[in-house]
file model.pdb (PDB, C-alpha atoms)
ATOM      1  CA  TRP G  13      13.215 -22.946   0.092
ATOM      2  CA  HIS G  14      10.754 -23.096  -2.809
ATOM      3  CA  PHE G  15       9.682 -26.709  -2.610
ATOM      4  CA  PHE G  16       6.179 -26.726  -4.140
ATOM      5  CA  ASP G  17       5.162 -24.995  -7.389
ATOM      6  CA  ILE G  18       2.385 -25.535  -9.936
ATOM      7  CA  LEU G  19       2.349 -23.756 -13.291
ATOM      8  CA  THR G  20      -0.871 -24.174 -15.298
ATOM      9  CA  ARG G  21      -1.295 -24.102 -19.063
ATOM     10  CA  SER G  22      -3.145 -20.791 -18.770
ATOM     11  CA  GLY G  23      -0.056 -19.170 -17.207
ATOM     12  CA  ALA G  24      -1.299 -19.190 -13.614
ATOM     13  CA  ARG G  25       1.150 -20.169 -10.893
ATOM     14  CA  PHE G  26       0.670 -21.429  -7.333
ATOM     15  CA  GLY G  27       3.284 -22.435  -4.816
ATOM     16  CA  TYR G  28       4.539 -22.567  -1.267
ATOM     17  CA  LEU G  29       7.950 -21.627   0.062
ATOM     18  CA  LEU G  30       9.817 -21.229   3.328
ATOM     19  CA  GLY G  31      11.870 -18.101   3.828
ATOM     20  CA  THR G  32      14.459 -17.598   6.545
ATOM     21  CA  GLY G  33      16.138 -14.519   7.922
ATOM     22  CA  GLN G  34      18.510 -13.518  10.656
ATOM     23  CA  ASP G  35      19.842 -10.392  12.298
ATOM     24  CA  ARG G  36      22.274  -9.585  15.104
ATOM     25  CA  PRO G  37      21.842  -5.924  16.063
ATOM     26  CA  ALA G  38      24.600  -4.621  18.347
ATOM     27  CA  ARG G  39      22.232  -1.977  19.798
ATOM     28  CA  ALA G  40      18.498  -1.806  20.375
ATOM     29  CA  PHE G  41      16.624  -0.134  17.513
ATOM     30  CA  THR G  42      13.135   1.118  16.736
ATOM     31  CA  ILE G  43      11.373  -1.195  14.301
ATOM     32  CA  TYR G  44       8.073   0.702  14.395
ATOM     33  CA  GLU G  45       7.021   4.236  15.233
ATOM     34  CA  ASP G  46       3.685   5.740  14.266
ATOM     35  CA  VAL G  47       2.547   9.359  14.051
ATOM     36  CA  THR G  48       1.373   9.330  17.683
ATOM     37  CA  GLY G  49       4.909   8.488  18.851
ATOM     38  CA  ARG G  50       4.164   4.889  19.879
ATOM     39  CA  ARG G  51       7.300   2.814  19.368
ATOM     40  CA  VAL G  52       8.250  -0.846  19.285
ATOM     41  CA  ILE G  53      11.890  -1.624  20.110
ATOM     42  CA  ILE G  54      14.000  -4.636  19.135
ATOM     43  CA  PRO G  55      16.647  -5.281  21.849
ATOM     44  CA  ALA G  56      20.243  -6.070  20.937
ATOM     45  CA  GLY G  57      20.839  -9.770  20.433
ATOM     46  CA  GLN G  58      20.867 -12.578  17.931
ATOM     47  CA  TYR G  59      17.682 -13.449  16.062
ATOM     48  CA  ALA G  60      16.610 -15.970  13.440
ATOM     49  CA  TRP G  61      13.169 -16.482  11.945
ATOM     50  CA  THR G  62      11.274 -18.565   9.410
ATOM     51  CA  ARG G  63       8.144 -17.767   7.415
ATOM     52  CA  GLY G  64       5.920 -19.903   5.253
ATOM     53  CA  VAL G  65       4.657 -18.151   2.141
ATOM     54  CA  PHE G  66       1.772 -19.189  -0.083
ATOM     55  CA  GLU G  67       1.809 -17.422  -3.430
ATOM     56  CA  GLY G  68      -0.798 -17.539  -6.165
ATOM     57  CA  HIS G  69      -0.791 -15.662  -9.460
ATOM     58  CA  THR G  70      -3.194 -15.707 -12.346
ATOM     59  CA  ASN G  71      -1.724 -15.234 -15.837
ATOM     60  CA  LEU G  72       0.137 -11.930 -15.361
ATOM     61  CA  SER G  73       0.148 -11.222 -19.126
ATOM     62  CA  ALA G  74      -3.687 -11.348 -19.318
ATOM     63  CA  PRO G  75      -5.724  -8.106 -19.560
ATOM     64  CA  ILE G  76      -6.806  -8.588 -15.916
ATOM     65  CA  SER G  77      -4.579 -10.428 -13.442
ATOM     66  CA  ALA G  78      -4.289 -10.956  -9.719
ATOM     67  CA  SER G  79      -1.615 -12.033  -7.255
ATOM     68  CA  LEU G  80      -1.942 -13.111  -3.642
ATOM     69  CA  LEU G  81       0.842 -13.759  -1.144
ATOM     70  CA  HIS G  82       0.151 -14.912   2.407
ATOM     71  CA  ARG G  83       3.091 -14.985   4.829
ATOM     72  CA  ILE G  84       2.999 -16.462   8.332
ATOM     73  CA  GLY G  85       5.734 -17.354  10.781
ATOM     74  CA  SER G  86       8.192 -15.858  13.215
ATOM     75  CA  TYR G  87       9.948 -12.480  13.120
ATOM     76  CA  TYR G  88      12.780 -11.529  15.504
ATOM     77  CA  ASP G  89      11.453 -12.879  18.831
ATOM     78  CA  GLY G  90       7.786 -12.623  17.874
ATOM     79  CA  ASP G  91       5.187 -13.574  15.291
ATOM     80  CA  TYR G  92       4.457 -12.291  11.792
ATOM     81  CA  HIS G  93       1.334 -12.482   9.644
ATOM     82  CA  GLY G  94       1.134 -10.674   6.309
ATOM     83  CA  TRP G  95      -0.906 -10.347   3.142
ATOM     84  CA  GLN G  96      -0.057  -8.916  -0.249
ATOM     85  CA  LEU G  97      -2.813  -8.571  -2.851
ATOM     86  CA  THR G  98      -2.299  -7.066  -6.309
ATOM     87  CA  VAL G  99      -4.744  -6.576  -9.181
ATOM     88  CA  GLY G 100      -3.248  -5.737 -12.556
ATOM     89  CA  LEU G 101      -4.880  -4.214 -15.627
ATOM     90  CA  ARG G 102      -3.250  -4.288 -19.049
ATOM     91  CA  ALA G 103      -4.385  -2.484 -22.201
ATOM     92  CA  GLY G 104      -2.169  -3.964 -24.904
ATOM     93  CA  ALA G 105       1.582  -3.808 -24.498
ATOM     94  CA  ARG G 106       1.707  -0.064 -23.767
ATOM     95  CA  LEU G 107      -0.532   0.638 -20.771
ATOM     96  CA  LEU G 108      -0.066  -1.296 -17.521
ATOM     97  CA  SER G 109      -1.547  -0.541 -14.116
ATOM     98  CA  GLN G 110      -1.618  -2.200 -10.717
ATOM     99  CA  LEU G 111      -3.527  -1.644  -7.509
ATOM    100  CA  GLY G 112      -2.154  -3.309  -4.403
ATOM    101  CA  TRP G 113      -2.656  -3.779  -0.686
ATOM    102  CA  ASN G 114       0.076  -4.982   1.663
ATOM    103  CA  ARG G 115      -0.542  -5.692   5.347
ATOM    104  CA  ASP G 116       2.073  -6.548   7.953
ATOM    105  CA  ASP G 117       0.791  -7.679  11.366
ATOM    106  CA  VAL G 118       3.671  -8.155  13.825
ATOM    107  CA  THR G 119       3.480  -9.229  17.478
ATOM    108  CA  LEU G 120       6.696  -8.809  19.490
ATOM    109  CA  PRO G 121       7.391  -8.890  23.247
ATOM    110  CA  GLY G 122       7.839  -5.085  23.061
ATOM    111  CA  GLY G 123       4.449  -4.528  21.423
ATOM    112  CA  ARG G 124       2.223  -5.268  18.485
ATOM    113  CA  PHE G 125       1.912  -3.219  15.320
ATOM    114  CA  ARG G 126       0.060  -3.410  12.060
ATOM    115  CA  ASN G 127       0.821  -1.502   8.891
ATOM    116  CA  ASP G 128      -1.035  -1.142   5.623
ATOM    117  CA  LEU G 129       0.543   0.007   2.379
ATOM    118  CA  VAL G 130      -1.637   0.775  -0.665
ATOM    119  CA  PRO G 131       0.316   1.320  -3.915
ATOM    120  CA  VAL G 132      -1.173   2.318  -7.283
ATOM    121  CA  GLN G 133       1.163   2.034 -10.292
ATOM    122  CA  VAL G 134       0.574   3.139 -13.880
ATOM    123  CA  SER G 135       3.026   2.769 -16.747
ATOM    124  CA  TYR G 136       2.675   3.886 -20.361
ATOM    125  CA  ALA G 137       5.259   3.020 -23.025
ATOM    126  CA  PHE G 138       5.321   5.466 -25.925
ATOM    127  CA  THR G 139       7.924   3.249 -27.598
ATOM    128  CA  SER G 140      10.254   0.496 -26.378
ATOM    129  CA  LEU G 141      12.718   3.239 -25.365
ATOM    130  CA  ALA G 142      10.393   5.959 -24.012
ATOM    131  CA  SER G 143       8.009   5.516 -21.087
ATOM    132  CA  LEU G 144       6.115   7.406 -18.406
ATOM    133  CA  GLN G 145       5.654   5.711 -15.022
ATOM    134  CA  GLY G 146       3.738   6.803 -11.958
ATOM    135  CA  LEU G 147       3.403   5.491  -8.405
ATOM    136  CA  ILE G 148       1.035   6.804  -5.739
ATOM    137  CA  GLN G 149       1.264   5.122  -2.347
ATOM    138  CA  TYR G 150      -0.459   5.426   1.022
ATOM    139  CA  ASN G 151       1.457   4.326   4.133
ATOM    140  CA  ARG G 152      -0.731   3.904   7.218
ATOM    141  CA  GLN G 153       2.190   3.759   9.685
ATOM    142  CA  ALA G 154       3.564   7.137   8.610
ATOM    143  CA  SER G 155       0.109   8.447   7.628
ATOM    144  CA  THR G 156       1.518   9.702   4.333
ATOM    145  CA  PHE G 157       0.691   9.808   0.654
ATOM    146  CA  SER G 158       3.688   9.777  -1.653
ATOM    147  CA  SER G 159       3.865  10.078  -5.414
ATOM    148  CA  ASN G 160       6.597   9.480  -7.943
ATOM    149  CA  LEU G 161       6.441  10.305 -11.666
ATOM    150  CA  ARG G 162       9.256   9.306 -14.029
ATOM    151  CA  LEU G 163       9.799   9.999 -17.709
ATOM    152  CA  ALA G 164      12.493   7.763 -19.204
ATOM    153  CA  LEU G 165      14.045   8.382 -22.631
ATOM    154  CA  LEU G 166      16.568   5.633 -23.353
ATOM    155  CA  ASN G 167      18.914   4.986 -26.257
ATOM    156  CA  ARG G 168      19.839   1.494 -25.055
ATOM    157  CA  SER G 169      19.321  -0.565 -21.932
ATOM    158  CA  GLY G 170      20.188   1.489 -18.841
ATOM    159  CA  THR G 171      21.548   4.474 -20.777
ATOM    160  CA  GLY G 172      19.407   7.539 -21.176
ATOM    161  CA  PHE G 173      17.708  10.644 -19.840
ATOM    162  CA  PHE G 174      15.298  10.654 -16.868
ATOM    163  CA  LEU G 175      12.986  13.298 -15.416
ATOM    164  CA  VAL G 176      11.685  12.387 -11.945
ATOM    165  CA  TYR G 177       9.173  14.225  -9.738
ATOM    166  CA  ASN G 178       8.580  13.156  -6.101
ATOM    167  CA  ASN G 179       5.993  14.459  -3.659
ATOM    168  CA  ARG G 180       5.232  13.355  -0.079
ATOM    169  CA  ARG G 181       2.284  14.566   2.007
ATOM    170  CA  ASP G 182       1.217  14.022   5.615
ATOM    171  CA  THR G 183      -2.417  13.037   6.169
ATOM    172  CA  SER G 184      -2.416  12.858   9.987
ATOM    173  CA  SER G 185      -4.315  15.410  12.047
ATOM    174  CA  SER G 186      -1.567  15.474  14.701
ATOM    175  CA  THR G 187       1.010  17.333  12.583
ATOM    176  CA  PRO G 188       0.655  20.879  11.234
ATOM    177  CA  ASP G 189       2.695  20.435   8.029
ATOM    178  CA  GLU G 190       0.932  18.813   5.110
ATOM    179  CA  LEU G 191       3.798  18.889   2.585
ATOM    180  CA  LEU G 192       6.742  16.796   3.794
ATOM    181  CA  GLY G 193       8.915  17.003   0.720
ATOM    182  CA  ARG G 194       9.014  17.650  -2.992
ATOM    183  CA  SER G 195      11.793  17.142  -5.511
ATOM    184  CA  PHE G 196      12.417  17.368  -9.232
ATOM    185  CA  VAL G 197      15.408  15.420 -10.535
ATOM    186  CA  VAL G 198      17.035  15.491 -13.971
ATOM    187  CA  LYS G 199      19.378  12.574 -14.549
ATOM    188  CA  TYR G 200      21.438  11.261 -17.416
ATOM    189  CA  THR G 201      23.119   7.877 -17.218
ATOM    190  CA  ARG G 202      25.634   6.349 -19.571
ATOM    191  CA  LEU G 203      26.959   2.791 -19.577
ATOM    192  CA  PHE G 204      30.473   2.206 -20.864
ATOM    193  CA  ASP G 205      31.673  -1.049 -22.377
ATOM    194  CA  TYR G 206      35.090  -2.237 -21.220
TER     195      TYR G 206
END
call {"tool": "encode", "arguments": {"input": "model.pdb", "output": "structure tokens"}}
result
Amino acid sequence: WHFFDILTRSGARFGYLLGTGQDRPARAFTIYEDVTGRRVIIPAGQYAWTRGVFEGHTNLSAPISASLLHRIGSYYDGDYHGWQLTVGLRAGARLLSQLGWNRDDVTLPGGRFRNDLVPVQVSYAFTSLASLQGLIQYNRQASTFSSNLRLALLNRSGTGFFLVYNNRRDTSSSTPDELLGRSFVVKYTRLFDY
């Protein structure tokens, strides 16, 4: 329910919304597990929750922009409090970058957990049909750094050639393996009109 929204002449936007969710797991499941093995379990049952969300954005097409989302409310049979902060940098229409921080703080009868996610995104458009995009992300819960690089060469929307490189590394001292996975993908997609 997005019931309050202000859009300024400068392109900034501020608003408040209520979001709802529900779930009915047939079996208990692990909602959180960290590198030490600590787990938080959601029992089987029927759940419904509501969160209030404040969102504020400066003009996202400006050379420097910022976004802030603050979420607070219930989650399964507990409480949720979260933040999402993003700072964007733009150099013309070709080079875009973003630095973010997301925090989820959840308190449930089975335990409390907090997770931080720090994404860094960079995108460069050679032309309107050729771009290079990169994402590097730190996940505190899994204690991992992951990276994704993608070269896209398109001939029309959604049709084209993609080269994708993924890498995931463990940063915790409790595990002996540093490299968790690496892949190189070559993909061609084609849309057909019918």
call {"tool": "residues_around", "arguments": {"input": "model.pdb", "residues": "Ala56 (chain G)", "least_positions_apart": "4", "cutoff": "8 Å", "atoms": "all atoms listed in the file", "output": "PyMOL selection string"}}
result
chain G and resi 36-41
call {"tool": "atom_distance", "arguments": {"input": "model.pdb", "atom1": "CA of Asp182 (chain G)", "atom2": "CA of Ser158 (chain G)"}}
result
8.8 Å
call {"tool": "resolve_selection", "arguments": {"input": "model.pdb", "expression": "the PyMOL selection byres ((chain G and resi 114) around 8)", "output": "ChimeraX atom specification"}}
result
/G:94-97,112-113,115-116,128-130
call {"tool": "write_last_selection", "arguments": {"input": "model.pdb", "atoms": "C-alpha atoms", "output": "PDB file, in the coordinates of the input"}}
result
ATOM      1  CA  GLY G  94       1.134 -10.674   6.309  1.00  0.00           C
ATOM      2  CA  TRP G  95      -0.906 -10.347   3.142  1.00  0.00           C
ATOM      3  CA  GLN G  96      -0.057  -8.916  -0.249  1.00  0.00           C
ATOM      4  CA  LEU G  97      -2.813  -8.571  -2.851  1.00  0.00           C
ATOM      5  CA  GLY G 112      -2.154  -3.309  -4.403  1.00  0.00           C
ATOM      6  CA  TRP G 113      -2.656  -3.779  -0.686  1.00  0.00           C
ATOM      7  CA  ARG G 115      -0.542  -5.692   5.347  1.00  0.00           C
ATOM      8  CA  ASP G 116       2.073  -6.548   7.953  1.00  0.00           C
ATOM      9  CA  ASP G 128      -1.035  -1.142   5.623  1.00  0.00           C
ATOM     10  CA  LEU G 129       0.543   0.007   2.379  1.00  0.00           C
ATOM     11  CA  VAL G 130      -1.637   0.775  -0.665  1.00  0.00           C
TER      12      VAL G 130
END
call {"tool": "resolve_selection", "arguments": {"input": "model.pdb", "expression": "the PyMOL selection byres ((chain G and resi 93) around 7)", "output": "compact mmCIF listing (two decimals) with C-alpha atoms, keeping the file's coordinate frame"}}
result
# COMPACT_ATOMS: atom_id res chain seq x y z
CA ARG G 83 3.09 -14.98 4.83
CA ILE G 84 3.00 -16.46 8.33
CA GLY G 85 5.73 -17.35 10.78
CA ASP G 91 5.19 -13.57 15.29
CA TYR G 92 4.46 -12.29 11.79
CA GLY G 94 1.13 -10.67 6.31
CA ASP G 116 2.07 -6.55 7.95
CA ASP G 117 0.79 -7.68 11.37
CA VAL G 118 3.67 -8.15 13.82
call {"tool": "closest_residue", "arguments": {"input": "model.pdb", "among": "G:Tyr88, G:Tyr177, G:Phe66, G:Trp61", "to": "Ile18 (chain G)", "atoms": "all atoms listed in the file"}}
result
G:Phe66
call {"tool": "closest_residue", "arguments": {"input": "model.pdb", "among": "G:Phe196, G:Tyr44, G:Tyr28, G:Phe16", "to": "Leu120 (chain G)", "atoms": "only C-alpha atoms"}}
result
G:Tyr44
call {"tool": "resolve_selection", "arguments": {"input": "model.pdb", "expression": "the PyMOL selection byres ((chain G and resi 181) around 8)", "output": "short mmCIF file (atom, residue, chain, number, x, y, z; two decimals) with C-alpha atoms, in the coordinates of the input"}}
result
data_model
loop_
_atom_site.label_atom_id
_atom_site.label_comp_id
_atom_site.auth_asym_id
_atom_site.auth_seq_id
_atom_site.Cartn_x
_atom_site.Cartn_y
_atom_site.Cartn_z
CA THR G 156 1.52 9.70 4.33
CA PHE G 157 0.69 9.81 0.65
CA SER G 158 3.69 9.78 -1.65
CA ASN G 179 5.99 14.46 -3.66
CA ARG G 180 5.23 13.36 -0.08
CA ASP G 182 1.22 14.02 5.62
CA THR G 183 -2.42 13.04 6.17
CA GLU G 190 0.93 18.81 5.11
CA LEU G 191 3.80 18.89 2.58
CA LEU G 192 6.74 16.80 3.79
CA GLY G 193 8.91 17.00 0.72
#
call {"tool": "residues_around", "arguments": {"input": "model.pdb", "residues": "Thr98 (chain G)", "least_positions_apart": "2", "cutoff": "6 Å", "atoms": "only C-alpha atoms", "output": "VMD selection string"}}
result
chain G and resid 78 to 79 111 to 112
call {"tool": "atom_distance", "arguments": {"input": "model.pdb", "atom1": "CA of Ala103 (chain G)", "atom2": "CA of His82 (chain G)"}}
result
27.9 Å
call {"tool": "residues_near_point", "arguments": {"input": "model.pdb", "point": "(2.7, -3.1, 20.9)", "cutoff": "10 Å", "atoms": "all atoms listed in the file", "output": "list of chain:residue names"}}
result
G:Tyr44, G:Arg50, G:Arg51, G:Val52, G:Ile53, G:Val118, G:Thr119, G:Leu120, G:Pro121, G:Gly122, G:Gly123, G:Arg124, G:Phe125, G:Arg126
call {"tool": "atom_distance", "arguments": {"input": "model.pdb", "atom1": "CA of Lys199 (chain G)", "atom2": "CA of Leu161 (chain G)"}}
result
13.4 Å
call {"tool": "residues_near_point", "arguments": {"input": "model.pdb", "point": "(17.0, 11.2, -19.9)", "cutoff": "12 Å", "atoms": "all atoms listed in the file", "output": "PyMOL selection string"}}
result
chain G and resi 141-144+162-168+170-176+197-202
call {"tool": "residues_around", "arguments": {"input": "model.pdb", "residues": "region 67-73 of chain G", "least_positions_apart": "6", "cutoff": "10 Å", "atoms": "all atoms listed in the file", "output": "PDB file with C-alpha atoms, in the coordinates of the input"}}
result
ATOM      1  CA  ASP G  17       5.162 -24.995  -7.389  1.00  0.00           C
ATOM      2  CA  ILE G  18       2.385 -25.535  -9.936  1.00  0.00           C
ATOM      3  CA  LEU G  19       2.349 -23.756 -13.291  1.00  0.00           C
ATOM      4  CA  THR G  20      -0.871 -24.174 -15.298  1.00  0.00           C
ATOM      5  CA  ARG G  21      -1.295 -24.102 -19.063  1.00  0.00           C
ATOM      6  CA  SER G  22      -3.145 -20.791 -18.770  1.00  0.00           C
ATOM      7  CA  GLY G  23      -0.056 -19.170 -17.207  1.00  0.00           C
ATOM      8  CA  ALA G  24      -1.299 -19.190 -13.614  1.00  0.00           C
ATOM      9  CA  ARG G  25       1.150 -20.169 -10.893  1.00  0.00           C
ATOM     10  CA  PHE G  26       0.670 -21.429  -7.333  1.00  0.00           C
ATOM     11  CA  GLY G  27       3.284 -22.435  -4.816  1.00  0.00           C
ATOM     12  CA  TYR G  28       4.539 -22.567  -1.267  1.00  0.00           C
ATOM     13  CA  LEU G  29       7.950 -21.627   0.062  1.00  0.00           C
ATOM     14  CA  SER G  79      -1.615 -12.033  -7.255  1.00  0.00           C
ATOM     15  CA  LEU G  80      -1.942 -13.111  -3.642  1.00  0.00           C
ATOM     16  CA  LEU G  81       0.842 -13.759  -1.144  1.00  0.00           C
ATOM     17  CA  HIS G  82       0.151 -14.912   2.407  1.00  0.00           C
ATOM     18  CA  ARG G  83       3.091 -14.985   4.829  1.00  0.00           C
ATOM     19  CA  GLN G  96      -0.057  -8.916  -0.249  1.00  0.00           C
ATOM     20  CA  LEU G  97      -2.813  -8.571  -2.851  1.00  0.00           C
ATOM     21  CA  THR G  98      -2.299  -7.066  -6.309  1.00  0.00           C
ATOM     22  CA  VAL G  99      -4.744  -6.576  -9.181  1.00  0.00           C
ATOM     23  CA  GLY G 100      -3.248  -5.737 -12.556  1.00  0.00           C
ATOM     24  CA  LEU G 101      -4.880  -4.214 -15.627  1.00  0.00           C
ATOM     25  CA  ARG G 102      -3.250  -4.288 -19.049  1.00  0.00           C
ATOM     26  CA  GLY G 104      -2.169  -3.964 -24.904  1.00  0.00           C
ATOM     27  CA  ALA G 105       1.582  -3.808 -24.498  1.00  0.00           C
TER      28      ALA G 105
END
call {"tool": "axis_aligned_box", "arguments": {"input": "model.pdb", "around": "region 124-136 of chain G", "padding_each_side": "5 Å", "output": "AutoDock Vina command-line options"}}
result
--center_x 0.7 --center_y -0.7 --center_z -0.9 --size_x 14.7 --size_y 19.2 --size_z 48.8
call {"tool": "closest_residue", "arguments": {"input": "model.pdb", "among": "G:Gln145, G:Ser86, G:Thr139, G:Gln153", "to": "Leu108 (chain G)", "atoms": "all atoms listed in the file"}}
result
G:Gln145
call {"tool": "closest_residue", "arguments": {"input": "model.pdb", "among": "G:Ser140, G:Val47, G:Tyr87, G:Val65", "to": "Arg152 (chain G)", "atoms": "all atoms listed in the file"}}
result
G:Val47
call {"tool": "closest_residue", "arguments": {"input": "model.pdb", "among": "G:Asn178, G:Ser77, G:Arg63, G:Gly33", "to": "Asn160 (chain G)", "atoms": "only C-alpha atoms"}}
result
G:Asn178
call {"tool": "closest_residue", "arguments": {"input": "model.pdb", "among": "G:Phe15, G:Pro55, G:Leu107, G:Ser184", "to": "Gly146 (chain G)", "atoms": "only C-alpha atoms"}}
result
G:Leu107
call {"tool": "decode", "arguments": {"input": "model.pdb", "residues": "region 51-77 of chain G", "atoms": "N, CA and C atoms", "output": "PDB file, in the first residue's frame"}}
result
ATOM      1  N   ARG G  51      22.197 -21.450  13.769  1.00  0.00           N
ATOM      2  CA  ARG G  51      21.030 -21.483  12.898  1.00  0.00           C
ATOM      3  C   ARG G  51      19.813 -20.906  13.593  1.00  0.00           C
ATOM      4  N   VAL G  52      18.933 -20.312  12.788  1.00  0.00           N
ATOM      5  CA  VAL G  52      17.628 -19.869  13.262  1.00  0.00           C
ATOM      6  C   VAL G  52      16.586 -20.584  12.409  1.00  0.00           C
ATOM      7  N   ILE G  53      15.640 -21.243  13.087  1.00  0.00           N
ATOM      8  CA  ILE G  53      14.649 -22.094  12.423  1.00  0.00           C
ATOM      9  C   ILE G  53      13.273 -21.424  12.476  1.00  0.00           C
ATOM     10  N   ILE G  54      12.546 -21.520  11.364  1.00  0.00           N
ATOM     11  CA  ILE G  54      11.137 -21.123  11.325  1.00  0.00           C
ATOM     12  C   ILE G  54      10.307 -22.408  11.402  1.00  0.00           C
ATOM     13  N   PRO G  55       9.473 -22.583  12.436  1.00  0.00           N
ATOM     14  CA  PRO G  55       8.636 -23.785  12.525  1.00  0.00           C
ATOM     15  C   PRO G  55       7.547 -23.791  11.453  1.00  0.00           C
ATOM     16  N   ALA G  56       7.036 -24.966  11.161  1.00  0.00           N
ATOM     17  CA  ALA G  56       5.900 -25.081  10.239  1.00  0.00           C
ATOM     18  C   ALA G  56       4.720 -24.308  10.817  1.00  0.00           C
ATOM     19  N   GLY G  57       3.903 -23.759   9.950  1.00  0.00           N
ATOM     20  CA  GLY G  57       2.744 -23.006  10.424  1.00  0.00           C
ATOM     21  C   GLY G  57       2.288 -21.987   9.403  1.00  0.00           C
ATOM     22  N   GLN G  58       1.407 -21.127   9.837  1.00  0.00           N
ATOM     23  CA  GLN G  58       0.889 -20.075   8.971  1.00  0.00           C
ATOM     24  C   GLN G  58       1.321 -18.730   9.535  1.00  0.00           C
ATOM     25  N   TYR G  59       1.892 -17.887   8.675  1.00  0.00           N
ATOM     26  CA  TYR G  59       2.450 -16.619   9.109  1.00  0.00           C
ATOM     27  C   TYR G  59       1.979 -15.500   8.186  1.00  0.00           C
ATOM     28  N   ALA G  60       1.809 -14.324   8.766  1.00  0.00           N
ATOM     29  CA  ALA G  60       1.519 -13.112   8.007  1.00  0.00           C
ATOM     30  C   ALA G  60       2.234 -11.963   8.699  1.00  0.00           C
ATOM     31  N   TRP G  61       2.745 -11.018   7.915  1.00  0.00           N
ATOM     32  CA  TRP G  61       3.468  -9.904   8.495  1.00  0.00           C
ATOM     33  C   TRP G  61       3.237  -8.633   7.691  1.00  0.00           C
ATOM     34  N   THR G  62       3.528  -7.512   8.355  1.00  0.00           N
ATOM     35  CA  THR G  62       3.377  -6.190   7.751  1.00  0.00           C
ATOM     36  C   THR G  62       4.598  -5.359   8.098  1.00  0.00           C
ATOM     37  N   ARG G  63       5.076  -4.584   7.128  1.00  0.00           N
ATOM     38  CA  ARG G  63       6.205  -3.689   7.353  1.00  0.00           C
ATOM     39  C   ARG G  63       5.891  -2.307   6.819  1.00  0.00           C
ATOM     40  N   GLY G  64       6.268  -1.301   7.579  1.00  0.00           N
ATOM     41  CA  GLY G  64       6.230   0.068   7.092  1.00  0.00           C
ATOM     42  C   GLY G  64       7.572   0.405   6.473  1.00  0.00           C
ATOM     43  N   VAL G  65       7.541   1.097   5.347  1.00  0.00           N
ATOM     44  CA  VAL G  65       8.772   1.423   4.633  1.00  0.00           C
ATOM     45  C   VAL G  65       8.789   2.909   4.302  1.00  0.00           C
ATOM     46  N   PHE G  66       9.810   3.606   4.807  1.00  0.00           N
ATOM     47  CA  PHE G  66      10.063   4.975   4.368  1.00  0.00           C
ATOM     48  C   PHE G  66      11.094   4.898   3.260  1.00  0.00           C
ATOM     49  N   GLU G  67      10.848   5.593   2.151  1.00  0.00           N
ATOM     50  CA  GLU G  67      11.835   5.635   1.090  1.00  0.00           C
ATOM     51  C   GLU G  67      12.071   7.075   0.671  1.00  0.00           C
ATOM     52  N   GLY G  68      13.338   7.410   0.483  1.00  0.00           N
ATOM     53  CA  GLY G  68      13.729   8.734   0.038  1.00  0.00           C
ATOM     54  C   GLY G  68      14.803   8.618  -1.015  1.00  0.00           C
ATOM     55  N   HIS G  69      14.642   9.359  -2.103  1.00  0.00           N
ATOM     56  CA  HIS G  69      15.597   9.321  -3.209  1.00  0.00           C
ATOM     57  C   HIS G  69      15.878  10.752  -3.653  1.00  0.00           C
ATOM     58  N   THR G  70      17.133  11.080  -3.833  1.00  0.00           N
ATOM     59  CA  THR G  70      17.438  12.329  -4.503  1.00  0.00           C
ATOM     60  C   THR G  70      17.225  12.099  -5.996  1.00  0.00           C
ATOM     61  N   ASN G  71      17.478  13.094  -6.823  1.00  0.00           N
ATOM     62  CA  ASN G  71      17.338  12.939  -8.269  1.00  0.00           C
ATOM     63  C   ASN G  71      18.320  11.871  -8.759  1.00  0.00           C
ATOM     64  N   LEU G  72      17.809  10.712  -9.170  1.00  0.00           N
ATOM     65  CA  LEU G  72      18.658   9.587  -9.547  1.00  0.00           C
ATOM     66  C   LEU G  72      19.374   9.805 -10.870  1.00  0.00           C
ATOM     67  N   SER G  73      18.990  10.817 -11.657  1.00  0.00           N
ATOM     68  CA  SER G  73      19.685  11.106 -12.912  1.00  0.00           C
ATOM     69  C   SER G  73      20.776  12.164 -12.727  1.00  0.00           C
ATOM     70  N   ALA G  74      20.967  12.665 -11.509  1.00  0.00           N
ATOM     71  CA  ALA G  74      22.009  13.659 -11.225  1.00  0.00           C
ATOM     72  C   ALA G  74      23.377  12.973 -11.181  1.00  0.00           C
ATOM     73  N   PRO G  75      24.464  13.742 -11.320  1.00  0.00           N
ATOM     74  CA  PRO G  75      25.809  13.134 -11.248  1.00  0.00           C
ATOM     75  C   PRO G  75      26.073  12.396  -9.934  1.00  0.00           C
ATOM     76  N   ILE G  76      25.524  12.887  -8.831  1.00  0.00           N
ATOM     77  CA  ILE G  76      25.640  12.211  -7.534  1.00  0.00           C
ATOM     78  C   ILE G  76      24.223  12.076  -6.976  1.00  0.00           C
ATOM     79  N   SER G  77      23.854  10.872  -6.578  1.00  0.00           N
ATOM     80  CA  SER G  77      22.511  10.637  -6.050  1.00  0.00           C
ATOM     81  C   SER G  77      22.583   9.730  -4.839  1.00  0.00           C
TER      82      SER G  77
END
